[in-house]
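Just below is one structure, and these are the notes that go with it.
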Amino acid sequence: AVIPYFGYARQDRKPGPRTPISAKLVANIITSAGADRILTLDLHAGQIQGFFDIPVDHLYARPVIVSDIKTKYGTKPLTVVSPDVGGVVRARSLASRINADLAIIDKRRERASVSEVMNVIGDVDGRHCILFDDIVDTAGTLCNGVDALLEQGATGVSAYISHGVLSGPALDRMSKSKMDELVITDSIHQPEEIQKHPKIRTISIGKLLADAILRISNEDSVSCLFE
């Protein structure tokens with residue numbers, strides 16, 4: 001089963017009593033349906049691979065994103081920014097590949113889908129910032145992060161996100177945001193209004209998935225595609 005975007009990936013633990021671990025349920029359903037191997041991209045939490053009792057090939061969109069950043073920005077001084085503490089490892093990995101500095105946005109989430117930016121950790125003054133995350137949903141976190149970075153002296157902010165869920169008020173927030181550009185992959189098919197949005201650009205992960213499928217079919221190693 002080739003699953004570019006694994007649904008319910010954010011429900012990977014019990015955040016409170018009487019709440020399900022839906023990511024495990026989806027894993028069970030896929031296995032019961034007869035899949036004997038999974039190919040997926042940028043799981044929200046790496047431990048979801050352990051929810052499956054069958055082999056999982058977990059690819060990352062980073063190679064495609066790195067190539068796009070280098071093409072668009074060249075040698076321009078950049079700072080990769082993690083929108084929260086939990087994404088630091090992901091952001092550091094990208095920063096090392098494009099030879100950029102790293103910054104972190106420390107935020108407090110009062111309730112689901114609502115975030116409050118508290119502080120920017122790192123120097124972003126006079127630099128173009130790249131916000132990097134795996135999922136953009138209502139875009140509240142991203143837009144608040146953009147405002148915080150610009151207040152700290154960033155010359156501009158772009159965002160690179162693996163999965164563009166873009167639900168609810170996301171498009172309205174994007175239209176009002178001071179963000180230069182939101183770049184998402186085509187792991188989720190987008191409606192026409194998102195495809196034509198002036199601040200949203202889509203890059204393809206088709207070749208990455210095709211290479212993985214070919215290597216699996218030929219029984220070659222796919223480990224070189226994991227990073």
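The way I read the labels, and the way they are meant: chains A, B, ... in the order of the structure tokens, residue 1 as the first residue of every chain, and ligand 1 as the first ligand shown, with later ones counted on from there.
For segment 20-23 of chain A, the residues within 7 Å (counting only C-alpha atoms, excluding itself and residues fewer than 5 positions away along the chain) are Tyr8, Ala9, Gln11, Asp12, Arg13 and Lys14 of chain A.
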Skip segment 58-65 of chain A itself and residues of its chain fewer than 6 positions away, then list as a ChimeraX atom specification all residues within 7 Å of it, counting only C-alpha atoms.
-> /A:39-42,94,162,205,225-227
Surrounding residues of Ile188 of chain A excluding itself and chain neighbours under 3 positions, 8 Å, only C-alpha atoms, as a PDB file with N, CA and C atoms, in the first residue's frame:
ATOM      1  N   PRO A   4       0.867   8.227   0.606  1.00  0.00           N
ATOM      2  CA  PRO A   4       1.654   9.461   0.740  1.00  0.00           C
ATOM      3  C   PRO A   4       1.341  10.230   2.022  1.00  0.00           C
ATOM      4  N   TYR A   5       0.057  10.281   2.403  1.00  0.00           N
ATOM      5  CA  TYR A   5      -0.327  10.946   3.652  1.00  0.00           C
ATOM      6  C   TYR A   5      -1.093   9.955   4.513  1.00  0.00           C
ATOM      7  N   HIS A 163       2.818  17.990   4.232  1.00  0.00           N
ATOM      8  CA  HIS A 163       1.419  17.644   3.980  1.00  0.00           C
ATOM      9  C   HIS A 163       0.522  18.872   4.164  1.00  0.00           C
ATOM     10  N   GLY A 164      -0.130  19.284   3.100  1.00  0.00           N
ATOM     11  CA  GLY A 164      -1.014  20.439   3.163  1.00  0.00           C
ATOM     12  C   GLY A 164      -2.457  20.032   3.421  1.00  0.00           C
ATOM     13  N   VAL A 165      -2.824  19.885   4.692  1.00  0.00           N
ATOM     14  CA  VAL A 165      -4.215  19.550   5.034  1.00  0.00           C
ATOM     15  C   VAL A 165      -5.119  20.755   4.753  1.00  0.00           C
ATOM     16  N   THR A 185       3.847  19.715  -0.616  1.00  0.00           N
ATOM     17  CA  THR A 185       4.006  18.644  -1.594  1.00  0.00           C
ATOM     18  C   THR A 185       2.624  18.193  -2.066  1.00  0.00           C
TER      19      THR A 185
END
Could you give me, as a PyMOL selection string, each residue of segment 16-195 of chain A that DSSP assigns to strand (DSSP E or B) when run on this structure's backbone?
-> chain A and resi 38-41+56-59+78-82+101-111+114-121+128-136+156-164+181-185
Export C-alpha atoms of the chosen residues as a PDB file, in the first residue's frame?
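Written out: out02.pdb:
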ATOM      1  CA  ILE A  38       3.559   0.027   3.552  1.00  0.00           C
ATOM      2  CA  LEU A  39       5.243   2.889   1.722  1.00  0.00           C
ATOM      3  CA  THR A  40       4.517   6.262   3.300  1.00  0.00           C
ATOM      4  CA  LEU A  41       5.925   9.765   3.655  1.00  0.00           C
ATOM      5  CA  VAL A  56       7.107  -0.026   6.658  1.00  0.00           C
ATOM      6  CA  ASP A  57       9.234   2.096   4.315  1.00  0.00           C
ATOM      7  CA  HIS A  58       9.142   5.606   5.759  1.00  0.00           C
ATOM      8  CA  LEU A  59      10.300   8.189   3.214  1.00  0.00           C
ATOM      9  CA  LEU A  78      18.771  31.529   5.412  1.00  0.00           C
ATOM     10  CA  THR A  79      17.556  30.461   8.828  1.00  0.00           C
ATOM     11  CA  VAL A  80      15.467  27.308   9.176  1.00  0.00           C
ATOM     12  CA  VAL A  81      12.826  27.723  11.868  1.00  0.00           C
ATOM     13  CA  SER A  82      10.995  25.002  13.764  1.00  0.00           C
ATOM     14  CA  ASP A 101      21.217  28.536  10.851  1.00  0.00           C
ATOM     15  CA  LEU A 102      18.511  27.161  13.137  1.00  0.00           C
ATOM     16  CA  ALA A 103      15.868  28.957  15.195  1.00  0.00           C
ATOM     17  CA  ILE A 104      12.931  27.720  17.262  1.00  0.00           C
ATOM     18  CA  ILE A 105       9.543  29.235  18.029  1.00  0.00           C
ATOM     19  CA  ASP A 106       8.506  28.521  21.604  1.00  0.00           C
ATOM     20  CA  LYS A 107       4.716  28.556  21.832  1.00  0.00           C
ATOM     21  CA  ARG A 108       1.995  27.606  24.246  1.00  0.00           C
ATOM     22  CA  ARG A 109      -1.096  25.894  22.866  1.00  0.00           C
ATOM     23  CA  GLU A 110      -4.158  26.819  24.897  1.00  0.00           C
ATOM     24  CA  ARG A 111      -6.486  24.358  23.120  1.00  0.00           C
ATOM     25  CA  VAL A 114      -5.227  27.410  18.661  1.00  0.00           C
ATOM     26  CA  SER A 115      -1.659  28.492  19.412  1.00  0.00           C
ATOM     27  CA  GLU A 116      -0.021  31.487  21.034  1.00  0.00           C
ATOM     28  CA  VAL A 117       3.520  32.417  20.038  1.00  0.00           C
ATOM     29  CA  MET A 118       5.634  33.145  23.087  1.00  0.00           C
ATOM     30  CA  ASN A 119       9.251  33.613  22.018  1.00  0.00           C
ATOM     31  CA  VAL A 120      11.739  33.170  19.170  1.00  0.00           C
ATOM     32  CA  ILE A 121      14.881  31.299  20.180  1.00  0.00           C
ATOM     33  CA  HIS A 128      15.140  35.126   5.292  1.00  0.00           C
ATOM     34  CA  CYS A 129      13.444  32.420   7.372  1.00  0.00           C
ATOM     35  CA  ILE A 130      12.227  29.007   6.243  1.00  0.00           C
ATOM     36  CA  LEU A 131       9.493  27.606   8.493  1.00  0.00           C
ATOM     37  CA  PHE A 132       9.651  23.810   8.197  1.00  0.00           C
ATOM     38  CA  ASP A 133       7.051  21.337   9.471  1.00  0.00           C
ATOM     39  CA  ASP A 134       5.335  18.098   8.473  1.00  0.00           C
ATOM     40  CA  ILE A 135       1.659  19.205   8.512  1.00  0.00           C
ATOM     41  CA  VAL A 136      -0.178  22.491   8.022  1.00  0.00           C
ATOM     42  CA  GLY A 156      10.935  37.557   4.846  1.00  0.00           C
ATOM     43  CA  VAL A 157       9.374  34.211   5.722  1.00  0.00           C
ATOM     44  CA  SER A 158       8.542  31.198   3.561  1.00  0.00           C
ATOM     45  CA  ALA A 159       7.132  27.886   4.762  1.00  0.00           C
ATOM     46  CA  TYR A 160       7.880  24.382   3.490  1.00  0.00           C
ATOM     47  CA  ILE A 161       5.396  21.736   4.658  1.00  0.00           C
ATOM     48  CA  SER A 162       5.198  18.067   3.693  1.00  0.00           C
ATOM     49  CA  HIS A 163       1.419  17.644   3.980  1.00  0.00           C
ATOM     50  CA  GLY A 164      -1.014  20.439   3.163  1.00  0.00           C
ATOM     51  CA  GLU A 181       5.036  31.726   0.165  1.00  0.00           C
ATOM     52  CA  LEU A 182       3.737  28.390   1.411  1.00  0.00           C
ATOM     53  CA  VAL A 183       5.263  25.397  -0.381  1.00  0.00           C
ATOM     54  CA  ILE A 184       3.544  22.026   0.057  1.00  0.00           C
ATOM     55  CA  THR A 185       4.006  18.644  -1.594  1.00  0.00           C
TER      56      THR A 185
END
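Coordinates place atom CA of Lys178 of chain A at a distance of 7.0 Å from atom CA of Val146 of chain A.
Residue nearest Ile3 of chain A within the list A:Arg201, A:Arg37, A:Arg92, A:Lys76: A:Arg37 [criterion: smallest interatomic distance, only C-alpha atoms].
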Taking the backbone alone, and naming residues the way the document does, which bits of segment 6-190 of chain A are alpha helix (DSSP H) by DSSP, as a VMD selection string?
-> chain A and resid 22 to 32 62 to 73 88 to 97 140 to 151 170 to 176
Residue neighbourhood Ile213 of chain A, 9 Å, only C-alpha atoms, exclusion window fewer than 5 positions, as a ChimeraX atom specification | /A:2,39,208,218,222
For N, CA, C and O atoms, I'd like the residues from the last selection saved as a PDB file, in the first residue's frame.
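Below is the file part-v2.pdb, written as the result:
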ATOM      1  N   VAL A   2       0.684   2.110  -0.988  1.00  0.00           N
ATOM      2  CA  VAL A   2       1.425   3.374  -1.070  1.00  0.00           C
ATOM      3  C   VAL A   2       0.538   4.462  -0.492  1.00  0.00           C
ATOM      4  O   VAL A   2      -0.522   4.774  -1.049  1.00  0.00           O
ATOM      5  N   LEU A  39       4.335   1.826   2.141  1.00  0.00           N
ATOM      6  CA  LEU A  39       5.243   2.889   1.722  1.00  0.00           C
ATOM      7  C   LEU A  39       4.558   4.211   2.027  1.00  0.00           C
ATOM      8  O   LEU A  39       3.471   4.483   1.500  1.00  0.00           O
ATOM      9  N   LEU A 208      10.118  10.641  -6.149  1.00  0.00           N
ATOM     10  CA  LEU A 208      10.605  10.003  -4.928  1.00  0.00           C
ATOM     11  C   LEU A 208       9.861   8.701  -4.668  1.00  0.00           C
ATOM     12  O   LEU A 208      10.471   7.655  -4.390  1.00  0.00           O
ATOM     13  N   ASN A 218      12.221  -4.363  -7.430  1.00  0.00           N
ATOM     14  CA  ASN A 218      13.452  -5.040  -7.852  1.00  0.00           C
ATOM     15  C   ASN A 218      14.220  -5.650  -6.689  1.00  0.00           C
ATOM     16  O   ASN A 218      15.309  -6.185  -6.874  1.00  0.00           O
ATOM     17  N   VAL A 222      16.209   0.428  -0.321  1.00  0.00           N
ATOM     18  CA  VAL A 222      15.546   1.730  -0.378  1.00  0.00           C
ATOM     19  C   VAL A 222      16.077   2.667   0.710  1.00  0.00           C
ATOM     20  O   VAL A 222      15.592   3.784   0.849  1.00  0.00           O
TER      21      VAL A 222
END
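Using only C-alpha atoms, the nearest neighbour of Arg127 of chain A within the list A:Gly145, A:Gly7, A:Gly34, A:Gly153 is A:Gly153.
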